[in-house]
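Colleague: So that you have it, the file is input.cif, and it contains mmCIF, C-alpha atoms:
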data_target
#
loop_
_atom_site.group_PDB
_atom_site.id
_atom_site.type_symbol
_atom_site.label_atom_id
_atom_site.label_comp_id
_atom_site.auth_asym_id
_atom_site.auth_seq_id
_atom_site.Cartn_x
_atom_site.Cartn_y
_atom_site.Cartn_z
ATOM 1 C CA MET A 36 0.000 0.000 0.000
ATOM 2 C CA SER A 37 1.166 3.505 -0.775
ATOM 3 C CA ALA A 38 2.034 5.567 2.264
ATOM 4 C CA ALA A 39 0.361 8.675 0.846
ATOM 5 C CA LEU A 40 -2.917 9.304 2.617
ATOM 6 C CA THR A 41 -5.823 10.741 0.642
ATOM 7 C CA VAL A 42 -7.812 13.660 2.051
ATOM 8 C CA ASN A 43 -11.274 14.293 0.636
ATOM 9 C CA SER A 44 -13.280 17.463 1.034
ATOM 10 C CA TYR A 45 -17.014 17.984 0.496
ATOM 11 C CA PHE A 46 -19.659 20.670 0.935
ATOM 12 C CA ASP A 47 -17.301 23.671 0.592
ATOM 13 C CA ASP A 48 -14.764 22.126 2.996
ATOM 14 C CA LYS A 49 -17.380 21.638 5.738
ATOM 15 C CA VAL A 50 -16.786 17.877 5.606
ATOM 16 C CA LYS A 51 -13.233 16.532 5.345
ATOM 17 C CA SER A 52 -12.005 12.976 5.643
ATOM 18 C CA VAL A 53 -8.883 10.844 5.407
ATOM 19 C CA ALA A 54 -9.107 7.439 3.705
ATOM 20 C CA LEU A 55 -7.674 4.227 5.120
ATOM 21 C CA GLU A 56 -7.582 0.523 4.371
ATOM 22 C CA ASN A 57 -6.735 -2.112 6.965
ATOM 23 C CA ALA A 58 -7.914 -5.466 8.357
ATOM 24 C CA GLU A 59 -11.338 -3.946 9.067
ATOM 25 C CA GLY A 60 -11.754 -2.982 5.402
ATOM 26 C CA VAL A 61 -11.914 0.343 3.549
ATOM 27 C CA SER A 62 -12.986 3.370 5.599
ATOM 28 C CA THR A 63 -12.737 7.088 5.916
ATOM 29 C CA VAL A 64 -12.358 8.979 9.170
ATOM 30 C CA GLY A 65 -13.385 12.593 9.102
ATOM 31 C CA VAL A 66 -15.065 15.639 10.541
ATOM 32 C CA MET A 67 -18.371 17.364 9.760
ATOM 33 C CA ALA A 68 -18.684 21.041 10.658
ATOM 34 C CA ILE A 69 -21.994 22.371 11.975
ATOM 35 C CA GLY A 70 -24.572 22.294 9.183
ATOM 36 C CA GLU A 71 -27.018 20.133 7.270
ATOM 37 C CA TYR A 72 -25.933 17.684 4.598
ATOM 38 C CA GLU A 73 -27.396 15.159 2.209
ATOM 39 C CA PHE A 74 -25.183 12.218 1.370
ATOM 40 C CA GLY A 75 -25.546 9.525 -1.267
ATOM 41 C CA THR A 76 -24.035 6.063 -0.931
ATOM 42 C CA SER A 77 -22.423 3.998 -3.662
ATOM 43 C CA GLN A 78 -21.620 1.130 -1.279
ATOM 44 C CA LYS A 79 -23.115 -0.043 2.001
ATOM 45 C CA GLU A 80 -21.854 2.300 4.738
ATOM 46 C CA TYR A 81 -21.379 1.739 8.455
ATOM 47 C CA MET A 82 -21.225 5.216 10.004
ATOM 48 C CA THR A 83 -19.937 5.443 13.580
ATOM 49 C CA VAL A 84 -19.843 8.654 15.611
ATOM 50 C CA VAL A 85 -16.313 9.082 17.018
ATOM 51 C CA SER A 86 -16.840 12.428 18.809
ATOM 52 C CA GLY A 87 -19.938 14.623 18.890
ATOM 53 C CA ALA A 88 -23.349 13.546 17.589
ATOM 54 C CA LEU A 89 -25.265 13.236 14.312
ATOM 55 C CA THR A 90 -29.003 13.698 13.817
ATOM 56 C CA VAL A 91 -29.915 11.479 10.890
ATOM 57 C CA MET A 92 -32.887 10.874 8.610
ATOM 58 C CA LEU A 93 -32.247 7.415 7.240
ATOM 59 C CA PRO A 94 -33.675 6.265 3.897
ATOM 60 C CA ALA A 95 -37.307 5.184 4.174
ATOM 61 C CA GLU A 96 -37.569 6.633 7.692
ATOM 62 C CA ASN A 97 -39.765 9.581 8.591
ATOM 63 C CA GLU A 98 -38.206 10.586 11.908
ATOM 64 C CA TRP A 99 -34.856 12.120 12.763
ATOM 65 C CA LYS A 100 -32.718 9.909 15.028
ATOM 66 C CA ILE A 101 -29.776 11.067 17.133
ATOM 67 C CA PHE A 102 -26.586 8.996 17.086
ATOM 68 C CA ALA A 103 -24.166 9.747 19.932
ATOM 69 C CA LYS A 104 -20.477 8.966 20.350
ATOM 70 C CA GLY A 105 -19.844 5.259 19.781
ATOM 71 C CA GLU A 106 -23.151 4.635 18.019
ATOM 72 C CA THR A 107 -23.385 3.307 14.448
ATOM 73 C CA PHE A 108 -25.985 3.528 11.720
ATOM 74 C CA ILE A 109 -26.002 1.550 8.485
ATOM 75 C CA VAL A 110 -27.020 2.803 5.039
ATOM 76 C CA GLU A 111 -27.387 0.431 2.096
ATOM 77 C CA ALA A 112 -25.764 1.168 -1.286
ATOM 78 C CA ASN A 113 -27.382 3.673 -3.661
ATOM 79 C CA GLN A 114 -29.398 5.453 -0.994
ATOM 80 C CA ARG A 115 -29.613 9.060 0.107
ATOM 81 C CA PHE A 116 -29.715 10.209 3.730
ATOM 82 C CA GLN A 117 -29.813 13.550 5.550
ATOM 83 C CA VAL A 118 -27.610 14.586 8.434
ATOM 84 C CA LYS A 119 -27.958 17.553 10.798
ATOM 85 C CA VAL A 120 -24.809 18.466 12.717
ATOM 86 C CA SER A 121 -25.300 20.747 15.721
ATOM 87 C CA GLU A 122 -21.753 20.387 17.063
ATOM 88 C CA THR A 123 -18.635 19.623 15.051
ATOM 89 C CA THR A 124 -18.508 15.831 14.831
ATOM 90 C CA ALA A 125 -15.903 13.203 14.003
ATOM 91 C CA TYR A 126 -16.997 9.983 12.325
ATOM 92 C CA LEU A 127 -15.698 6.693 10.958
ATOM 93 C CA CYS A 128 -17.363 5.506 7.742
ATOM 94 C CA ARG A 129 -16.638 1.903 6.784
ATOM 95 C CA TYR A 130 -17.574 0.750 3.275
ATOM 96 C CA GLU A 131 -18.650 -2.762 2.413
ATOM 97 C CA MET B 46 -16.705 28.796 14.957
ATOM 98 C CA SER B 47 -15.476 28.934 11.385
ATOM 99 C CA ALA B 48 -16.798 26.193 9.156
ATOM 100 C CA ALA B 49 -13.400 25.690 7.525
ATOM 101 C CA LEU B 50 -11.814 22.483 8.786
ATOM 102 C CA THR B 51 -8.054 22.318 9.241
ATOM 103 C CA VAL B 52 -6.094 19.369 7.884
ATOM 104 C CA ASN B 53 -2.632 18.734 9.304
ATOM 105 C CA SER B 54 0.031 16.537 7.779
ATOM 106 C CA TYR B 55 3.138 15.068 9.413
ATOM 107 C CA PHE B 56 5.963 12.668 8.617
ATOM 108 C CA ASP B 57 5.943 13.202 4.831
ATOM 109 C CA ASP B 58 2.141 12.850 4.681
ATOM 110 C CA LYS B 59 2.210 9.480 6.448
ATOM 111 C CA VAL B 60 0.092 10.952 9.262
ATOM 112 C CA LYS B 61 -2.836 13.228 8.406
ATOM 113 C CA SER B 62 -5.531 14.601 10.688
ATOM 114 C CA VAL B 63 -8.547 16.889 10.739
ATOM 115 C CA ALA B 64 -9.057 19.187 13.742
ATOM 116 C CA LEU B 65 -12.340 19.619 15.586
ATOM 117 C CA GLU B 66 -13.739 21.360 18.628
ATOM 118 C CA ASN B 67 -16.986 20.337 20.304
ATOM 119 C CA ALA B 68 -18.532 19.616 23.711
ATOM 120 C CA GLU B 69 -15.856 16.977 24.330
ATOM 121 C CA GLY B 70 -13.091 19.561 23.834
ATOM 122 C CA VAL B 71 -10.391 20.053 21.203
ATOM 123 C CA SER B 72 -9.361 16.968 19.229
ATOM 124 C CA THR B 73 -7.943 15.741 15.985
ATOM 125 C CA VAL B 74 -9.116 12.661 14.137
ATOM 126 C CA GLY B 75 -6.673 11.179 11.697
ATOM 127 C CA VAL B 76 -4.876 8.305 10.064
ATOM 128 C CA MET B 77 -1.356 6.900 10.473
ATOM 129 C CA ALA B 78 0.092 4.948 7.562
ATOM 130 C CA ILE B 79 2.263 1.885 8.241
ATOM 131 C CA GLY B 80 5.525 3.027 9.809
ATOM 132 C CA GLU B 81 7.261 4.100 13.009
ATOM 133 C CA TYR B 82 6.829 7.540 14.497
ATOM 134 C CA GLU B 83 7.976 9.581 17.466
ATOM 135 C CA PHE B 84 5.520 12.178 18.709
ATOM 136 C CA GLY B 85 5.950 14.984 21.202
ATOM 137 C CA THR B 86 3.107 16.419 23.250
ATOM 138 C CA SER B 87 2.538 20.055 24.139
ATOM 139 C CA GLN B 88 -0.694 19.274 26.023
ATOM 140 C CA LYS B 89 -2.023 16.184 27.755
ATOM 141 C CA GLU B 90 -3.290 13.817 25.048
ATOM 142 C CA TYR B 91 -5.934 11.097 25.164
ATOM 143 C CA MET B 92 -5.259 8.867 22.156
ATOM 144 C CA THR B 93 -8.009 6.438 21.170
ATOM 145 C CA VAL B 94 -7.688 3.868 18.402
ATOM 146 C CA VAL B 95 -10.689 4.232 16.063
ATOM 147 C CA SER B 96 -9.749 1.521 13.524
ATOM 148 C CA GLY B 97 -6.625 -0.653 13.406
ATOM 149 C CA ALA B 98 -4.064 -0.860 16.209
ATOM 150 C CA LEU B 99 -1.094 1.049 17.620
ATOM 151 C CA THR B 100 1.956 -0.422 19.307
ATOM 152 C CA VAL B 101 3.152 2.220 21.724
ATOM 153 C CA MET B 102 6.175 2.894 23.922
ATOM 154 C CA LEU B 103 4.850 5.334 26.478
ATOM 155 C CA PRO B 104 7.151 7.791 28.297
ATOM 156 C CA ALA B 105 8.994 6.166 31.206
ATOM 157 C CA GLU B 106 7.912 2.686 30.081
ATOM 158 C CA ASN B 107 10.294 0.042 28.812
ATOM 159 C CA GLU B 108 7.871 -2.266 27.041
ATOM 160 C CA TRP B 109 5.812 -1.858 23.887
ATOM 161 C CA LYS B 110 2.065 -2.097 24.489
ATOM 162 C CA ILE B 111 -0.576 -2.797 21.853
ATOM 163 C CA PHE B 112 -3.723 -0.649 21.802
ATOM 164 C CA ALA B 113 -6.594 -2.101 19.777
ATOM 165 C CA LYS B 114 -9.726 -0.469 18.381
ATOM 166 C CA GLY B 115 -11.593 1.363 21.127
ATOM 167 C CA GLU B 116 -8.654 1.451 23.526
ATOM 168 C CA THR B 117 -7.146 4.701 24.840
ATOM 169 C CA PHE B 118 -3.740 5.695 26.164
ATOM 170 C CA ILE B 119 -2.858 8.956 27.875
ATOM 171 C CA VAL B 120 0.322 10.992 27.490
ATOM 172 C CA GLU B 121 1.084 13.961 29.720
ATOM 173 C CA ALA B 122 2.192 17.316 28.285
ATOM 174 C CA ASN B 123 5.788 17.803 27.144
ATOM 175 C CA GLN B 124 6.537 14.129 26.728
ATOM 176 C CA ARG B 125 7.770 12.066 23.826
ATOM 177 C CA PHE B 126 6.386 8.665 22.847
ATOM 178 C CA GLN B 127 7.025 6.122 20.077
ATOM 179 C CA VAL B 128 4.387 4.460 17.931
ATOM 180 C CA LYS B 129 4.733 1.456 15.594
ATOM 181 C CA VAL B 130 1.940 1.082 13.057
ATOM 182 C CA SER B 131 1.700 -2.316 11.351
ATOM 183 C CA GLU B 132 -1.653 -1.663 9.655
ATOM 184 C CA THR B 133 -3.045 1.709 8.604
ATOM 185 C CA THR B 134 -4.796 3.059 11.700
ATOM 186 C CA ALA B 135 -7.367 5.735 12.470
ATOM 187 C CA TYR B 136 -7.193 7.545 15.796
ATOM 188 C CA LEU B 137 -8.879 10.258 17.842
ATOM 189 C CA CYS B 138 -6.526 12.497 19.824
ATOM 190 C CA ARG B 139 -8.195 14.680 22.443
ATOM 191 C CA TYR B 140 -6.150 17.498 23.993
ATOM 192 C CA GLU B 141 -6.595 18.732 27.524
#
Show me this structure written as structure tokens.
Modeller:
Amino acid sequence: MSAALTVNSYFDDKVKSVALENAEGVSTVGVMAIGEYEFGTSQKEYMTVVSGALTVMLPAENEWKIFAKGETFIVEANQRFQVKVSETTAYLCRYE
Amino acid sequence: MSAALTVNSYFDDKVKSVALENAEGVSTVGVMAIGEYEFGTSQKEYMTVVSGALTVMLPAENEWKIFAKGETFIVEANQRFQVKVSETTAYLCRYE
């Protein structure tokens, strides 16, 4: 594996992440600034809150759910989901 | 707080992190590529493995200790410590 680490930036630099690949699989670890975002998935995603909290509207749900530090939500491939961030939050996103 | 997120890079881009500040305090979340590193602290640091593992020689210790996903080690301010990374690893570093 190349040592160079890839940084990705989204939503006018309000979401930034660093990619990694290890025994757990392919992931990104990153930070979301305060704001509201809509994400689309191309693979199944396991999103874990590392610090802070995310308020999430999952696909096919009609209520916002709060995920606190250490909690994980799963989004299938080719779905869209909304996230409200009321404090700057770190996350781990594992792709499957 | 500004929405712009700061990315830091160390050791020829083999360690990259994104800074955040929230109710938990000031932290960085980042990735270490495979390698060996020596870090110095300017504040007390709480280092938590988010994905992967770190093999660490803490200050004043004489044995390497392995920290797995979810485990935390603490380093006081103005100390140096060594880290061996045998798989690409994500971490959360909280400063106090």
Colleague: Give me, as a PDB file with C-alpha atoms, keeping the file's coordinate frame, all polymer residues having an atom no more than 10 Å from Val110 (chain A), counting all atoms listed in the file and skipping those fewer than 5 positions away in the same chain.
Modeller:
ATOM      1  CA  GLY A  75     -25.546   9.525  -1.267  1.00  0.00           C
ATOM      2  CA  THR A  76     -24.035   6.063  -0.931  1.00  0.00           C
ATOM      3  CA  SER A  77     -22.423   3.998  -3.662  1.00  0.00           C
ATOM      4  CA  GLN A  78     -21.620   1.130  -1.279  1.00  0.00           C
ATOM      5  CA  LYS A  79     -23.115  -0.043   2.001  1.00  0.00           C
ATOM      6  CA  GLU A  80     -21.854   2.300   4.738  1.00  0.00           C
ATOM      7  CA  TYR A  81     -21.379   1.739   8.455  1.00  0.00           C
ATOM      8  CA  MET A  82     -21.225   5.216  10.004  1.00  0.00           C
ATOM      9  CA  LEU A  93     -32.247   7.415   7.240  1.00  0.00           C
ATOM     10  CA  PRO A  94     -33.675   6.265   3.897  1.00  0.00           C
ATOM     11  CA  ARG A 115     -29.613   9.060   0.107  1.00  0.00           C
ATOM     12  CA  PHE A 116     -29.715  10.209   3.730  1.00  0.00           C
ATOM     13  CA  TYR A 130     -17.574   0.750   3.275  1.00  0.00           C
TER      14      TYR A 130
END
Colleague: Could you list the residues in chain B lying within 9 Å of chain A, using only C-alpha atoms, and format the result as a ChimeraX atom specification?
Modeller: /B:46-52,57-69,72-80,95-97,132-137
Colleague: Go through A:Asn43, A:Val84, A:Phe74, A:Glu111 and flag the residue nearest Glu131 (chain A), using all atoms listed in the file for the distances.
Modeller: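 Of the candidates, the smallest distance to Glu131 (chain A) is held by A:Glu111.
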Colleague: At what distance in Å, to one decimal, does CA of Val71 (chain B) lie from CA of Gln127 (chain B)?
Modeller: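 It comes out at 22.3 Å.
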Colleague: Mind pulling up the distance from CA of Leu99 (chain B) to CA of Lys104 (chain A)?
Modeller: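 Straight-line distance from CA of Lys104 (chain A) to CA of Leu99 (chain B) works out to 21.1 Å.
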Colleague: Could you work out how far CA of Val130 (chain B) lies from CA of Glu106 (chain A), giving the answer in Å with one decimal?
Modeller: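 About the pair CA of Glu106 (chain A) and CA of Val130 (chain B): they are 25.8 Å apart.
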Colleague: For region 43-54 of chain A, supply all heavy atoms and report the output as a compact mmCIF listing (two decimals), in the frame of the given file.
Modeller:
# COMPACT_ATOMS: atom_id res chain seq x y z
N ASN A 43 -10.15 13.85 1.46
CA ASN A 43 -11.27 14.29 0.64
C ASN A 43 -12.02 15.42 1.33
O ASN A 43 -12.06 15.49 2.56
CB ASN A 43 -12.23 13.12 0.37
CG ASN A 43 -11.60 12.10 -0.56
OD1 ASN A 43 -11.23 12.40 -1.68
ND2 ASN A 43 -11.44 10.88 -0.05
N SER A 44 -12.58 16.30 0.52
CA SER A 44 -13.28 17.46 1.03
C SER A 44 -14.61 17.60 0.30
O SER A 44 -14.67 17.42 -0.91
CB SER A 44 -12.42 18.70 0.80
OG SER A 44 -13.06 19.83 1.33
N TYR A 45 -15.67 17.88 1.06
CA TYR A 45 -17.01 17.98 0.50
C TYR A 45 -17.72 19.20 1.07
O TYR A 45 -17.34 19.70 2.13
CB TYR A 45 -17.84 16.74 0.87
CG TYR A 45 -17.17 15.44 0.57
CD1 TYR A 45 -16.40 14.81 1.55
CD2 TYR A 45 -17.27 14.85 -0.68
CE1 TYR A 45 -15.76 13.60 1.29
CE2 TYR A 45 -16.64 13.65 -0.95
CZ TYR A 45 -15.89 13.03 0.04
OH TYR A 45 -15.26 11.85 -0.22
N PHE A 46 -18.79 19.61 0.41
CA PHE A 46 -19.66 20.67 0.94
C PHE A 46 -18.86 21.92 1.32
O PHE A 46 -18.90 22.37 2.48
CB PHE A 46 -20.47 20.17 2.15
CG PHE A 46 -21.37 19.01 1.86
CD1 PHE A 46 -21.03 17.74 2.26
CD2 PHE A 46 -22.56 19.20 1.16
CE1 PHE A 46 -21.86 16.65 1.98
CE2 PHE A 46 -23.41 18.13 0.89
CZ PHE A 46 -23.05 16.85 1.30
N ASP A 47 -18.09 22.45 0.33
CA ASP A 47 -17.30 23.67 0.59
C ASP A 47 -16.38 23.53 1.80
O ASP A 47 -16.30 24.45 2.65
CB ASP A 47 -18.23 24.87 0.82
CG ASP A 47 -18.78 25.42 -0.47
OD1 ASP A 47 -18.11 25.25 -1.52
OD2 ASP A 47 -19.87 26.00 -0.44
N ASP A 48 -15.73 22.39 1.91
CA ASP A 48 -14.76 22.13 3.00
C ASP A 48 -15.41 22.01 4.37
O ASP A 48 -14.71 22.05 5.39
CB ASP A 48 -13.67 23.20 3.06
CG ASP A 48 -12.77 23.15 1.82
OD1 ASP A 48 -12.79 22.13 1.10
OD2 ASP A 48 -12.06 24.14 1.60
N LYS A 49 -16.74 21.82 4.43
CA LYS A 49 -17.38 21.64 5.74
C LYS A 49 -17.35 20.17 6.19
O LYS A 49 -17.67 19.86 7.33
CB LYS A 49 -18.82 22.18 5.71
CG LYS A 49 -18.84 23.71 5.54
CD LYS A 49 -20.24 24.27 5.57
CE LYS A 49 -20.78 24.37 6.98
NZ LYS A 49 -22.13 24.96 7.04
N VAL A 50 -17.00 19.29 5.27
CA VAL A 50 -16.79 17.88 5.61
C VAL A 50 -15.45 17.47 5.00
O VAL A 50 -15.24 17.64 3.80
CB VAL A 50 -17.91 16.98 5.05
CG1 VAL A 50 -17.65 15.51 5.37
CG2 VAL A 50 -19.28 17.41 5.60
N LYS A 51 -14.53 16.98 5.85
CA LYS A 51 -13.23 16.53 5.34
C LYS A 51 -12.92 15.17 5.95
O LYS A 51 -13.21 14.92 7.13
CB LYS A 51 -12.12 17.52 5.72
CG LYS A 51 -12.17 18.80 4.91
CD LYS A 51 -10.94 19.65 5.15
CE LYS A 51 -11.01 20.94 4.34
NZ LYS A 51 -9.85 21.82 4.63
N SER A 52 -12.31 14.31 5.14
CA SER A 52 -12.00 12.98 5.64
C SER A 52 -10.67 12.49 5.11
O SER A 52 -10.16 12.98 4.10
CB SER A 52 -13.11 12.01 5.25
OG SER A 52 -13.16 11.86 3.85
N VAL A 53 -10.11 11.51 5.81
CA VAL A 53 -8.88 10.84 5.41
C VAL A 53 -9.23 9.37 5.18
O VAL A 53 -9.90 8.76 6.01
CB VAL A 53 -7.78 10.97 6.49
CG1 VAL A 53 -6.46 10.41 5.96
CG2 VAL A 53 -7.63 12.40 6.97
N ALA A 54 -8.79 8.83 4.05
CA ALA A 54 -9.11 7.44 3.70
C ALA A 54 -8.11 6.48 4.33
O ALA A 54 -6.94 6.82 4.54
CB ALA A 54 -9.10 7.28 2.20
